[in-house]
2 protein chains.
Amino acid sequence: MNFYDNPKITDPKGFTGAAMHAGFKRKRKDLCIIKSAVPAKCSAKFTTNAVKAAPLIVAMENLRKTGNRLQTLIINSGNANAGTGQQGLNDVNETLRLLATQINIPPELILASSTGVIGHRLDMDKMRYGIEHLARHLSVEGGAACAEAILTTDTVTKSFGLKFTANGKKITLCGITKGSGMIQPNMATTLAFVTTDADIDHDFLEKSFSAAVEHSYNMITVDGHTSTNDTALIMANGLAGNPTITAGSPSGAIFEKALFMLMTEMAKSIVRDGEGATKFVTISIDGADDFADARKMAFGIANSMLVKAALFGCDPNWGRILSAAGMVFAHFDPAVADLRINGIYLYRHGEPLSLNNNEIEAMMAPVELNIVLDCNLGEASAVVYTTDLSYDYVKINAQYHT
Amino acid sequence: MNFYDNPKITDPKGFTGAAMHAGFKRKRKDLCIIKSAVPAKCSAKFTTNAVKAAPLIVAMENLRKTGNRLQTLIINSGNANAGTGQQGLNDVNETLRLLATQINIPPELILASSTGVIGHRLDMDKMRYGIEHLARHLSVEGGAACAEAILTTDTVTKSFGLKFTANGKKITLCGITKGSGMIQPNMATTLAFVTTDADIDHDFLEKSFSAAVEHSYNMITVDGHTSTNDTALIMANGLAGNPTITAGSPSGAIFEKALFMLMTEMAKSIVRDGEGATKFVTISIDGADDFADARKMAFGIANSMLVKAALFGCDPNWGRILSAAGMVFAHFDPAVADLRINGIYLYRHGEPLSLNNNEIEAMMAPVELNIVLDCNLGEASAVVYTTDLSYDYVKINAQYHT
């Protein structure tokens with residue numbers, strides 16, 4: 001199974017879309033609609049942050065009402081509609097009503113998603129104008145620009161597609177995602193929208209999407225900050241005409257594999273485009289007592305400003321990696337641990353190896369770094385993807401608002 | 001009770017000291033000894049990091065053997081003697097033996113402390129030379145330079161002293177501390193050494209020192225990274241000649257107050273000298289369900305790279321503060337919360353106030369910022385002290401080693 005070139009979120013059968021510059025951002029496209037011809041089965045994950053943006057609060061309520069059915073997405077960037085109180089909720093409901101009227105479906109089957117600055121009201125004049133324009137221009141080709149309209153500080157669009165056969169029918173599975181800063185998923189992160197034309201058992205869709213999010217989006221971090229607007233969702237509209245994919249079947253296994261491949265690639269694309277990032281760093285913890293411990297240590301390293309600054313400068317200060325693993329209250333015994341970077345041991349069975357600083361700096365020079373900490377205690381492991389911490393990260397976030 | 005000018009760690013009766021440049025660092029003083037004329041009662045807190053530096057492992061063993069008695073400290077900067085395996089432990093024991101011979105006390109009554117780069121062996125030739133030199137130069141005046149010898153990336157020395165009367169006798173209480181990066185205490189942080197000539201009940205000393213550390217050192221953060229070498233200790237040698245200070249007595253209350261004042265001022269001095277810091281930020285959480293929740297939210301805000309970068313740039317992006325409080329899995333309801341900075345409300349009862357960006361930027365311009373988040377849920381509160389995240393933090397930590 002391989003990713004194909006130039007995928008669009010509207011490639012699966014029955015999806016159309018359109019995107020435009022409505023004025024929430026200064027110049028780039030900032031509003032899009034993605035619509036299925038028929039209501040789709042949906043699985044959606046939202047931020048665990050106690051501060052949930054208005055569109056998430058409304059979406060959670062509507063998905064409960066419809067039994068997780070969804071037909072249309074409307075997504076804006078440039079304004080998160082978070083920390084906006086009652087007015088924010090009113091604006092979401094007004095958005096749904098306006099669009100429902102234009103495309104003639106119930107407002108409960110529409111999900112609004114927002115990303116951008118927190119604490120400012122949505123400009124509803126721009127929203128109204130945008131909805132009227134986009135509703136008249138929905139097309140399969142129009143889906144190509146949606147990947148751009150959902151970006152904020154991202155420097156590249158992130159669009160992925162897979163085709164595979166299940167139960168004798170061609171299935172298409174596509175995803176677009178955004179994210180660059182305020183990245184540490186918890187249940188879901190940033191924005192990730194997946195479409196497919198597969199006909200699939202709804203419970204199995206929920207289960208396989210949850211598992212895929214857990215091991216892809218929930219294993220990346222740029223700056224350890226869980227956002228107020230994190231949303232990951234999949235819409236399966238069944239228009240491929242395949243016999244329903246079910247759990248435990250061969251086609252179920254293929255679907256799970258495809259979904260995991262897609263979500264992992266989408267999640268990694270966010271880290272590669274991390275704010276100010278100059279490195280793509282894979283942190284593997286091996287030989288831990290259990291997955292929870294391994295995950296804690298991996299995130300302890302990945303989120304340490306000290307480790308990240310050292311990675312940026314190729315500073316051979318590997319002791320910071322050990323100490324970051326040690327500080328997270330997981331079972332870790334430095335006296336039996338091993339540490340290696342890109343295959344070369346720095347520390348083995350609790351003893352530092354005699355490498356000089358120039359050798360270690362050379363080891364840290366590549367853009368892609370694989371840091372492996374083996375606890376030599378148990379059988380569990382975890383892999384987290386992250387970035388370094390550069391001057392540009394500080395610059396971007398000291399001046400984001402203005 | 002007021003801090004007096006030009007305090008020395010050897011001001012309490014019976015303490016002498018000396019400091020020098022032994023060669024662990026390039027230029028600045030890097031080795032010192034602080035000695036009490038008689039064995040002192042000690043309370044010591046060490047890092048909770050699973051990666052504990054060699055001197056801490058030896059110290060914890062010796063304090064058990066002696067029933068928390070201690071007579072002499074030997075402290076070096078420029079090398080942490082952490083991640084150094086069995087050789088690191090051997091080097092600590094050799095250091096204690098060398099000094100014990102020179103000053104004629106049992107090695108178990110000496111505590112070695114180290115701070116600096118992790119993962120490199122101590123240069124024992126420099127240590128031997130330093131010990132022989134310092135042991136011949138111990139004096140009350142010599143204690144003045146000790147505050148300098150314990151520094152690493154710190155830009156200023158941090159030395160504090162209080163005098164008070166307890167049970168009719170003058171008591172002196174002094175402390176020196178270091179720390180600038182790799183700062184988030186847990187049980188203790190960085191290095192903090194306190195001396196006093198008070199005669200005090202040992203259990204009460206332990207209890208009051210634990211409480212003072214908990215509410216001073218354990219409430220600061222520069223970068224959320226708990227160090228391998230964190231040590232805070234107090235030595236009370238009883239040479240003031242006062243009747244023993246006990247728990248629950250008027251003199252006990254005075255001692256507790258003095259110790260808390262001293263430790264808070266020492267801890268805040270570390271934040272003021274935080275690596276690359278341009279701001280001193282006090283984060284207060286009020287109206288939380290309990291202290292644990294309040295503390296989690298305060299540290300969630302204080303350790304967010306996004307919040308810290310916004311503070312550096314005076315970026316009026318206050319939504320990041322709310323979202324950082326929301327992400328730490330504490331009880332927090334944004335719909336009833338208030339947020340204010342230096343007394344001005346930005347968000348009240350769940351609604352953003354209409355301030356323009358220029359007004360908010362002006363509010364964030366001062367070096368000292370008081371951020372107060374009132375949860376309006378319960379009665380608990382917590383205060384954490386922290387810094388912003390500047391280009392210089394990244395620079396210092398991308399190039400620390402070289």
# chains A, B, ... in the order shown; residues from 1 in each chain; ligands from 1
$ closest_atom_pairs --of "segment 348-375 of chain B" --to "segment 278-282 of chain B" --cutoff "9 Å" --atoms "only C-alpha atoms" --output "tab-separated table"
residue	atom	partner	partner_atom	distance
B:Pro366	CA	B:Lys279	CA	7.9
B:Val367	CA	B:Lys279	CA	4.7
B:Glu368	CA	B:Phe280	CA	4.9
B:Leu369	CA	B:Val281	CA	4.8
B:Asn370	CA	B:Thr282	CA	4.9
B:Ile371	CA	B:Thr282	CA	6.1
B:Val372	CA	B:Thr282	CA	8.3
$ calpha_fit_and_write --fixed "chain A" --moving "chain B" --output "compact mmCIF listing (two decimals) with C-alpha atoms, in the first residue's frame"
# COMPACT_ATOMS: atom_id res chain seq x y z
CA MET B 1 -0.02 -0.02 0.03
CA ASN B 2 1.54 3.29 -1.05
CA PHE B 3 0.60 6.94 -0.82
CA TYR B 4 -0.41 8.37 -4.18
CA ASP B 5 0.55 11.76 -5.62
CA ASN B 6 -1.55 14.90 -5.40
CA PRO B 7 -4.32 13.54 -3.19
CA LYS B 8 -7.38 15.67 -2.42
CA ILE B 9 -9.68 15.35 0.59
CA THR B 10 -12.51 15.01 -1.97
CA ASP B 11 -11.00 12.02 -3.81
CA PRO B 12 -13.22 9.42 -2.06
CA LYS B 13 -16.51 9.00 -3.95
CA GLY B 14 -19.28 11.46 -3.17
CA PHE B 15 -17.18 14.24 -1.60
CA THR B 16 -17.02 17.82 -2.91
CA GLY B 17 -15.32 20.90 -1.52
CA ALA B 18 -14.33 24.52 -1.97
CA ALA B 19 -11.97 26.98 -0.30
CA MET B 20 -11.40 30.73 -0.36
CA HIS B 21 -9.91 33.78 1.35
CA ALA B 22 -12.78 35.18 3.42
CA GLY B 23 -10.68 37.65 5.41
CA PHE B 24 -9.98 35.93 8.77
CA LYS B 25 -6.31 35.90 7.80
CA ARG B 26 -4.50 38.66 5.93
CA LYS B 27 -3.88 36.94 2.62
CA ARG B 28 -3.99 33.17 2.52
CA LYS B 29 -7.11 31.04 2.10
CA ASP B 30 -8.93 30.76 5.43
CA LEU B 31 -12.34 29.14 4.90
CA CYS B 32 -13.41 25.87 3.34
CA ILE B 33 -16.31 23.44 3.10
CA ILE B 34 -16.09 19.67 2.63
CA LYS B 35 -19.39 17.95 1.84
CA SER B 36 -20.48 14.36 1.39
CA ALA B 37 -23.38 13.64 -0.99
CA VAL B 38 -24.99 11.55 1.77
CA PRO B 39 -24.69 11.55 5.57
CA ALA B 40 -21.49 9.71 6.60
CA LYS B 41 -20.64 7.62 9.63
CA CYS B 42 -18.26 9.66 11.78
CA SER B 43 -15.77 9.10 14.55
CA ALA B 44 -14.46 12.30 16.15
CA LYS B 45 -11.90 13.01 18.89
CA PHE B 46 -11.73 16.37 20.59
CA THR B 47 -9.17 18.05 22.84
CA THR B 48 -8.98 17.00 26.48
CA ASN B 49 -8.17 20.62 27.37
CA ALA B 50 -10.77 21.92 29.88
CA VAL B 51 -10.84 25.05 27.77
CA LYS B 52 -12.73 23.81 24.70
CA ALA B 53 -13.38 26.16 21.80
CA ALA B 54 -17.01 27.00 21.03
CA PRO B 55 -17.23 24.93 17.81
CA LEU B 56 -16.10 21.82 19.72
CA ILE B 57 -18.80 22.25 22.37
CA VAL B 58 -21.47 22.54 19.67
CA ALA B 59 -20.01 19.64 17.66
CA MET B 60 -19.97 17.28 20.63
CA GLU B 61 -23.65 18.06 21.27
CA ASN B 62 -24.69 17.61 17.64
CA LEU B 63 -22.79 14.32 17.21
CA ARG B 64 -24.63 12.99 20.25
CA LYS B 65 -27.96 14.04 18.70
CA THR B 66 -27.26 12.45 15.32
CA GLY B 67 -25.61 9.26 16.61
CA ASN B 68 -22.25 10.31 15.13
CA ARG B 69 -23.55 11.06 11.64
CA LEU B 70 -22.01 13.91 9.72
CA GLN B 71 -22.39 15.27 6.20
CA THR B 72 -20.50 18.55 5.97
CA LEU B 73 -17.50 20.32 7.45
CA ILE B 74 -16.93 24.07 7.52
CA ILE B 75 -13.45 25.03 8.68
CA ASN B 76 -11.91 28.46 9.18
CA SER B 77 -8.36 29.42 10.11
CA GLY B 78 -7.17 32.75 11.56
CA ASN B 79 -9.54 32.70 14.54
CA ALA B 80 -9.99 29.82 17.02
CA ASN B 81 -13.36 31.00 18.41
CA ALA B 82 -12.06 29.87 21.83
CA GLY B 83 -12.36 31.79 25.11
CA THR B 84 -15.23 33.68 23.52
CA GLY B 85 -17.98 32.90 26.05
CA GLN B 86 -21.67 32.67 25.09
CA GLN B 87 -21.16 34.84 21.99
CA GLY B 88 -18.79 32.22 20.59
CA LEU B 89 -21.45 29.51 20.90
CA ASN B 90 -24.06 31.76 19.28
CA ASP B 91 -21.70 32.41 16.37
CA VAL B 92 -21.17 28.69 15.76
CA ASN B 93 -24.90 28.00 15.72
CA GLU B 94 -25.45 30.93 13.37
CA THR B 95 -22.72 29.54 11.07
CA LEU B 96 -24.43 26.14 10.98
CA ARG B 97 -27.85 27.70 10.24
CA LEU B 98 -26.48 29.88 7.44
CA LEU B 99 -24.77 26.95 5.74
CA ALA B 100 -27.71 24.58 6.31
CA THR B 101 -29.99 26.97 4.46
CA GLN B 102 -27.55 27.29 1.57
CA ILE B 103 -26.98 23.55 1.03
CA ASN B 104 -30.34 22.34 2.26
CA ILE B 105 -29.33 19.83 4.97
CA PRO B 106 -30.10 19.89 8.72
CA PRO B 107 -27.65 22.07 10.73
CA GLU B 108 -26.93 19.11 13.07
CA LEU B 109 -25.25 17.30 10.16
CA ILE B 110 -22.72 20.14 9.80
CA LEU B 111 -19.61 20.47 11.94
CA ALA B 112 -17.80 23.79 12.28
CA SER B 113 -14.10 23.79 13.13
CA SER B 114 -11.87 26.79 13.82
CA THR B 115 -8.16 27.39 14.39
CA GLY B 116 -6.12 30.52 15.06
CA VAL B 117 -5.97 33.18 17.76
CA ILE B 118 -7.80 32.53 21.04
CA GLY B 119 -10.08 35.09 22.69
CA HIS B 120 -11.49 37.02 19.74
CA ARG B 121 -15.01 36.96 18.34
CA LEU B 122 -15.52 35.54 14.86
CA ASP B 123 -16.29 38.18 12.24
CA MET B 124 -19.75 36.95 11.19
CA ASP B 125 -19.99 39.30 8.19
CA LYS B 126 -16.98 37.55 6.70
CA MET B 127 -18.43 34.16 7.60
CA ARG B 128 -21.80 34.95 5.97
CA TYR B 129 -20.13 36.21 2.79
CA GLY B 130 -17.83 33.17 2.71
CA ILE B 131 -20.62 30.65 3.15
CA GLU B 132 -22.73 32.16 0.39
CA HIS B 133 -19.77 32.12 -1.97
CA LEU B 134 -18.48 28.61 -1.15
CA ALA B 135 -21.89 26.92 -1.20
CA ARG B 136 -22.21 27.82 -4.88
CA HIS B 137 -18.75 26.47 -5.80
CA LEU B 138 -18.57 22.97 -4.33
CA SER B 139 -16.83 20.47 -6.60
CA VAL B 140 -14.47 17.49 -6.49
CA GLU B 141 -11.66 19.69 -7.85
CA GLY B 142 -12.49 22.36 -5.27
CA GLY B 143 -11.33 19.99 -2.54
CA ALA B 144 -7.68 20.54 -3.52
CA ALA B 145 -7.55 23.98 -1.93
CA CYS B 146 -9.07 22.87 1.39
CA ALA B 147 -5.67 21.69 2.68
CA GLU B 148 -4.45 25.27 2.37
CA ALA B 149 -7.45 26.94 4.00
CA ILE B 150 -7.00 25.14 7.32
CA LEU B 151 -3.38 26.27 7.93
CA THR B 152 -2.13 28.86 10.45
CA THR B 153 1.65 29.11 11.02
CA ASP B 154 2.18 25.97 8.91
CA THR B 155 4.59 26.48 6.03
CA VAL B 156 3.34 23.61 3.83
CA THR B 157 0.00 21.95 3.09
CA LYS B 158 -0.44 18.44 4.44
CA SER B 159 -2.61 16.20 2.29
CA PHE B 160 -2.37 12.41 2.01
CA GLY B 161 -4.21 9.63 0.17
CA LEU B 162 -4.27 5.83 -0.02
CA LYS B 163 -6.21 3.47 -2.29
CA PHE B 164 -6.81 -0.17 -1.46
CA THR B 165 -9.23 -2.96 -2.17
CA ALA B 166 -11.59 -4.32 0.47
CA ASN B 167 -14.18 -6.99 -0.21
CA GLY B 168 -13.52 -6.64 -3.95
CA LYS B 169 -14.14 -2.89 -4.13
CA LYS B 170 -11.69 -0.01 -4.54
CA ILE B 171 -11.62 2.16 -1.43
CA THR B 172 -10.08 5.63 -1.19
CA LEU B 173 -8.91 7.05 2.13
CA CYS B 174 -7.71 10.67 2.32
CA GLY B 175 -6.69 13.09 5.02
CA ILE B 176 -5.71 16.72 5.47
CA THR B 177 -4.19 18.14 8.60
CA LYS B 178 -2.74 21.30 10.06
CA GLY B 179 -0.53 22.11 12.98
CA SER B 180 2.85 23.60 13.67
CA GLY B 181 2.78 25.04 17.20
CA MET B 182 0.64 24.39 20.30
CA ILE B 183 1.19 20.72 19.56
CA GLN B 184 0.82 17.98 22.09
CA PRO B 185 -2.12 15.85 21.28
CA ASN B 186 -4.24 14.38 23.94
CA MET B 187 -7.06 12.27 22.53
CA ALA B 188 -6.57 14.22 19.33
CA THR B 189 -4.54 17.19 18.27
CA THR B 190 -4.64 20.15 16.04
CA LEU B 191 -6.96 19.50 13.12
CA ALA B 192 -7.11 16.27 11.18
CA PHE B 193 -9.90 15.47 8.75
CA VAL B 194 -10.14 12.10 7.06
CA THR B 195 -12.61 11.07 4.39
CA THR B 196 -13.33 7.68 2.89
CA ASP B 197 -15.95 6.15 0.67
CA ALA B 198 -15.72 2.82 2.51
CA ASP B 199 -18.88 1.22 3.80
CA ILE B 200 -17.85 0.22 7.28
CA ASP B 201 -19.44 -0.95 10.50
CA HIS B 202 -19.83 2.14 12.71
CA ASP B 203 -18.51 0.54 15.91
CA PHE B 204 -15.49 -0.79 14.05
CA LEU B 205 -14.88 2.66 12.51
CA GLU B 206 -14.91 4.18 15.99
CA LYS B 207 -12.58 1.55 17.40
CA SER B 208 -10.05 1.63 14.58
CA PHE B 209 -10.00 5.43 14.41
CA SER B 210 -9.45 5.67 18.19
CA ALA B 211 -6.54 3.26 17.97
CA ALA B 212 -5.00 5.08 15.01
CA VAL B 213 -5.22 8.47 16.79
CA GLU B 214 -3.75 6.99 19.97
CA HIS B 215 -0.62 5.77 18.18
CA SER B 216 -0.15 8.61 15.71
CA TYR B 217 -1.46 12.02 16.80
CA ASN B 218 -1.18 11.21 20.47
CA MET B 219 2.53 10.47 20.02
CA ILE B 220 3.76 13.78 18.65
CA THR B 221 4.78 17.00 20.34
CA VAL B 222 6.26 20.29 19.24
CA ASP B 223 5.92 22.28 22.46
CA GLY B 224 3.92 20.18 24.89
CA HIS B 225 0.91 22.47 24.68
CA THR B 226 -2.49 20.81 24.12
CA SER B 227 -4.71 23.14 22.11
CA THR B 228 -8.26 24.30 22.81
CA ASN B 229 -9.35 23.34 19.30
CA ASP B 230 -7.80 19.90 18.74
CA THR B 231 -10.07 17.87 16.51
CA ALA B 232 -9.49 14.68 14.55
CA LEU B 233 -12.36 13.12 12.68
CA ILE B 234 -13.14 10.66 9.94
CA MET B 235 -16.20 10.58 7.67
CA ALA B 236 -17.06 7.28 5.93
CA ASN B 237 -19.90 7.75 3.46
CA GLY B 238 -20.12 4.16 2.12
CA LEU B 239 -20.34 5.26 -1.52
CA ALA B 240 -17.58 2.83 -2.62
CA GLY B 241 -20.35 0.23 -2.65
CA ASN B 242 -18.30 -2.43 -0.85
CA PRO B 243 -19.89 -5.00 1.45
CA THR B 244 -19.67 -3.51 4.95
CA ILE B 245 -16.19 -3.79 6.47
CA THR B 246 -16.35 -5.38 9.90
CA ALA B 247 -14.03 -5.97 12.82
CA GLY B 248 -11.91 -9.12 12.69
CA SER B 249 -12.33 -9.64 8.93
CA PRO B 250 -9.50 -9.55 6.34
CA SER B 251 -10.90 -6.28 4.95
CA GLY B 252 -11.06 -4.93 8.50
CA ALA B 253 -7.35 -5.62 8.91
CA ILE B 254 -6.59 -3.88 5.62
CA PHE B 255 -8.65 -0.86 6.64
CA GLU B 256 -6.93 -0.64 10.03
CA LYS B 257 -3.52 -0.84 8.40
CA ALA B 258 -4.39 1.86 5.85
CA LEU B 259 -5.83 4.15 8.51
CA PHE B 260 -2.78 3.73 10.74
CA MET B 261 -0.43 4.44 7.81
CA LEU B 262 -2.39 7.54 6.86
CA MET B 263 -2.67 8.95 10.39
CA THR B 264 0.99 8.32 11.21
CA GLU B 265 2.10 10.08 8.03
CA MET B 266 -0.27 12.99 8.76
CA ALA B 267 0.99 13.29 12.35
CA LYS B 268 4.64 13.18 11.28
CA SER B 269 3.98 15.89 8.67
CA ILE B 270 2.98 18.20 11.53
CA VAL B 271 6.25 17.59 13.37
CA ARG B 272 8.26 18.10 10.16
CA ASP B 273 6.56 21.50 9.84
CA GLY B 274 6.91 22.28 13.58
CA GLU B 275 7.32 25.96 14.36
CA GLY B 276 10.93 26.95 13.81
CA ALA B 277 11.99 23.29 13.64
CA THR B 278 15.38 22.44 12.15
CA LYS B 279 15.33 18.77 13.24
CA PHE B 280 12.92 15.84 12.98
CA VAL B 281 13.57 13.77 16.06
CA THR B 282 12.31 10.25 16.74
CA ILE B 283 12.55 9.31 20.41
CA SER B 284 12.22 5.61 21.17
CA ILE B 285 12.06 4.21 24.66
CA ASP B 286 12.73 0.48 24.77
CA GLY B 287 12.82 -2.04 27.59
CA ALA B 288 10.41 -0.16 29.86
CA ASP B 289 8.13 -1.77 32.43
CA ASP B 290 4.98 -0.76 30.58
CA PHE B 291 3.74 1.51 27.78
CA ALA B 292 2.66 4.26 30.20
CA ASP B 293 6.19 4.53 31.62
CA ALA B 294 7.76 4.42 28.16
CA ARG B 295 5.41 7.12 26.90
CA LYS B 296 6.08 9.35 29.95
CA MET B 297 9.84 9.11 29.47
CA ALA B 298 9.61 9.73 25.71
CA PHE B 299 7.49 12.85 26.27
CA GLY B 300 9.77 13.92 29.16
CA ILE B 301 12.66 14.02 26.71
CA ALA B 302 10.64 15.39 23.80
CA ASN B 303 9.24 18.30 25.82
CA SER B 304 12.39 19.32 27.67
CA MET B 305 13.37 22.82 26.55
CA LEU B 306 16.93 21.99 27.59
CA VAL B 307 17.09 18.87 25.42
CA LYS B 308 15.42 20.66 22.51
CA ALA B 309 17.82 23.62 22.66
CA ALA B 310 20.79 21.21 22.78
CA LEU B 311 19.43 19.41 19.69
CA PHE B 312 19.12 22.75 17.89
CA GLY B 313 22.74 23.64 18.64
CA CYS B 314 24.05 20.06 18.08
CA ASP B 315 25.38 20.49 21.62
CA PRO B 316 26.84 17.14 22.69
CA ASN B 317 25.13 17.48 26.07
CA TRP B 318 23.54 14.01 26.08
CA GLY B 319 23.29 13.95 29.89
CA ARG B 320 20.20 16.13 29.53
CA ILE B 321 18.45 13.29 27.70
CA LEU B 322 19.13 10.87 30.56
CA SER B 323 18.04 13.39 33.17
CA ALA B 324 14.82 14.19 31.29
CA ALA B 325 13.92 10.50 31.31
CA GLY B 326 14.71 10.37 35.01
CA MET B 327 12.48 13.25 36.07
CA VAL B 328 9.05 12.00 35.00
CA PHE B 329 8.40 9.56 37.87
CA ALA B 330 8.60 6.45 35.70
CA HIS B 331 10.57 3.33 36.65
CA PHE B 332 14.04 4.03 35.30
CA ASP B 333 17.43 2.91 36.57
CA PRO B 334 20.34 4.81 35.01
CA ALA B 335 22.76 2.15 36.26
CA VAL B 336 21.51 -0.38 33.68
CA ALA B 337 20.36 1.88 30.83
CA ASP B 338 21.75 2.38 27.31
CA LEU B 339 21.55 5.54 25.20
CA ARG B 340 22.30 5.76 21.49
CA ILE B 341 21.84 8.39 18.80
CA ASN B 342 21.59 7.34 15.17
CA GLY B 343 22.90 3.92 16.14
CA ILE B 344 25.99 5.04 18.07
CA TYR B 345 26.18 4.33 21.80
CA LEU B 346 26.90 7.23 24.15
CA TYR B 347 26.09 5.42 27.40
CA ARG B 348 25.92 1.68 27.93
CA HIS B 349 24.92 -0.39 30.99
CA GLY B 350 25.13 2.71 33.14
CA GLU B 351 28.56 3.88 32.01
CA PRO B 352 29.41 6.80 29.69
CA LEU B 353 31.48 5.81 26.64
CA SER B 354 34.60 7.74 25.84
CA LEU B 355 33.62 9.80 22.83
CA ASN B 356 34.98 13.29 22.43
CA ASN B 357 32.76 16.30 21.90
CA ASN B 358 33.60 16.60 18.20
CA GLU B 359 32.51 13.01 17.60
CA ILE B 360 29.23 13.62 19.41
CA GLU B 361 28.58 16.89 17.60
CA ALA B 362 29.07 15.12 14.26
CA MET B 363 26.61 12.46 15.39
CA MET B 364 24.02 15.16 16.10
CA ALA B 365 24.45 17.07 12.84
CA PRO B 366 21.86 15.25 10.66
CA VAL B 367 18.36 16.74 10.32
CA GLU B 368 16.82 13.39 11.22
CA LEU B 369 17.84 12.11 14.65
CA ASN B 370 16.94 8.75 16.15
CA ILE B 371 17.38 8.79 19.89
CA VAL B 372 16.97 5.39 21.53
CA LEU B 373 16.96 4.98 25.29
CA ASP B 374 16.89 1.35 26.36
CA CYS B 375 15.85 0.97 30.00
CA ASN B 376 16.79 -2.74 30.03
CA LEU B 377 14.03 -3.35 32.55
CA GLY B 378 11.03 -4.82 30.70
CA GLU B 379 9.46 -5.39 27.30
CA ALA B 380 7.45 -2.21 26.66
CA SER B 381 8.35 0.55 24.23
CA ALA B 382 7.00 3.85 22.90
CA VAL B 383 7.94 6.14 20.03
CA VAL B 384 7.38 9.90 20.08
CA TYR B 385 8.12 12.34 17.25
CA THR B 386 9.30 15.85 18.01
CA THR B 387 11.32 18.89 16.98
CA ASP B 388 14.17 20.96 18.36
CA LEU B 389 13.75 24.42 19.95
CA SER B 390 15.16 27.18 17.77
CA TYR B 391 15.38 30.97 17.80
CA ASP B 392 12.61 30.92 15.22
CA TYR B 393 10.23 29.09 17.57
CA VAL B 394 10.65 31.92 20.07
CA LYS B 395 10.34 34.55 17.35
CA ILE B 396 7.17 33.05 15.88
CA ASN B 397 5.51 32.83 19.29
CA ALA B 398 6.67 36.16 20.63
CA GLN B 399 5.07 37.85 17.63
CA TYR B 400 2.23 35.55 16.59
CA HIS B 401 -0.56 37.91 17.49
CA THR B 402 0.72 41.02 15.82
$ select_by_dssp --residues "segment 266-358 of chain A" --states "strand (DSSP E or B)" --output "PyMOL selection string"
chain A and resi 280-288+338-341+344-348+351-352
$ decode --residues "segment 5-16 of chain A" --atoms "N, CA and C atoms" --output "CSV table (one decimal), in the first residue's frame"
chain,number,residue,atom,x,y,z
A,5,ASP,N,0.2,10.4,-5.5
A,5,ASP,CA,0.5,11.8,-5.6
A,5,ASP,C,-0.7,12.7,-5.7
A,6,ASN,N,-0.5,13.9,-5.3
A,6,ASN,CA,-1.6,14.9,-5.4
A,6,ASN,C,-3.0,14.5,-4.9
A,7,PRO,N,-3.0,14.0,-3.7
A,7,PRO,CA,-4.3,13.6,-3.2
A,7,PRO,C,-5.2,14.8,-2.8
A,8,LYS,N,-6.5,14.6,-2.9
A,8,LYS,CA,-7.4,15.7,-2.4
A,8,LYS,C,-8.3,15.1,-1.4
A,9,ILE,N,-8.8,15.8,-0.5
A,9,ILE,CA,-9.7,15.4,0.6
A,9,ILE,C,-11.0,14.9,-0.1
A,10,THR,N,-11.3,15.4,-1.3
A,10,THR,CA,-12.5,15.0,-2.0
A,10,THR,C,-12.4,13.9,-3.0
A,11,ASP,N,-11.2,13.2,-2.9
A,11,ASP,CA,-11.0,12.0,-3.8
A,11,ASP,C,-12.0,10.8,-3.5
A,12,PRO,N,-12.3,10.5,-2.3
A,12,PRO,CA,-13.2,9.4,-2.1
A,12,PRO,C,-14.6,9.8,-2.7
A,13,LYS,N,-15.3,8.8,-3.2
A,13,LYS,CA,-16.5,9.0,-4.0
A,13,LYS,C,-17.5,9.8,-3.2
A,14,GLY,N,-18.2,10.8,-3.8
A,14,GLY,CA,-19.3,11.5,-3.2
A,14,GLY,C,-18.9,12.7,-2.4
A,15,PHE,N,-17.6,13.0,-2.4
A,15,PHE,CA,-17.2,14.2,-1.6
A,15,PHE,C,-16.9,15.4,-2.6
A,16,THR,N,-17.4,16.6,-2.2
A,16,THR,CA,-17.0,17.8,-2.9
A,16,THR,C,-16.5,18.9,-1.9
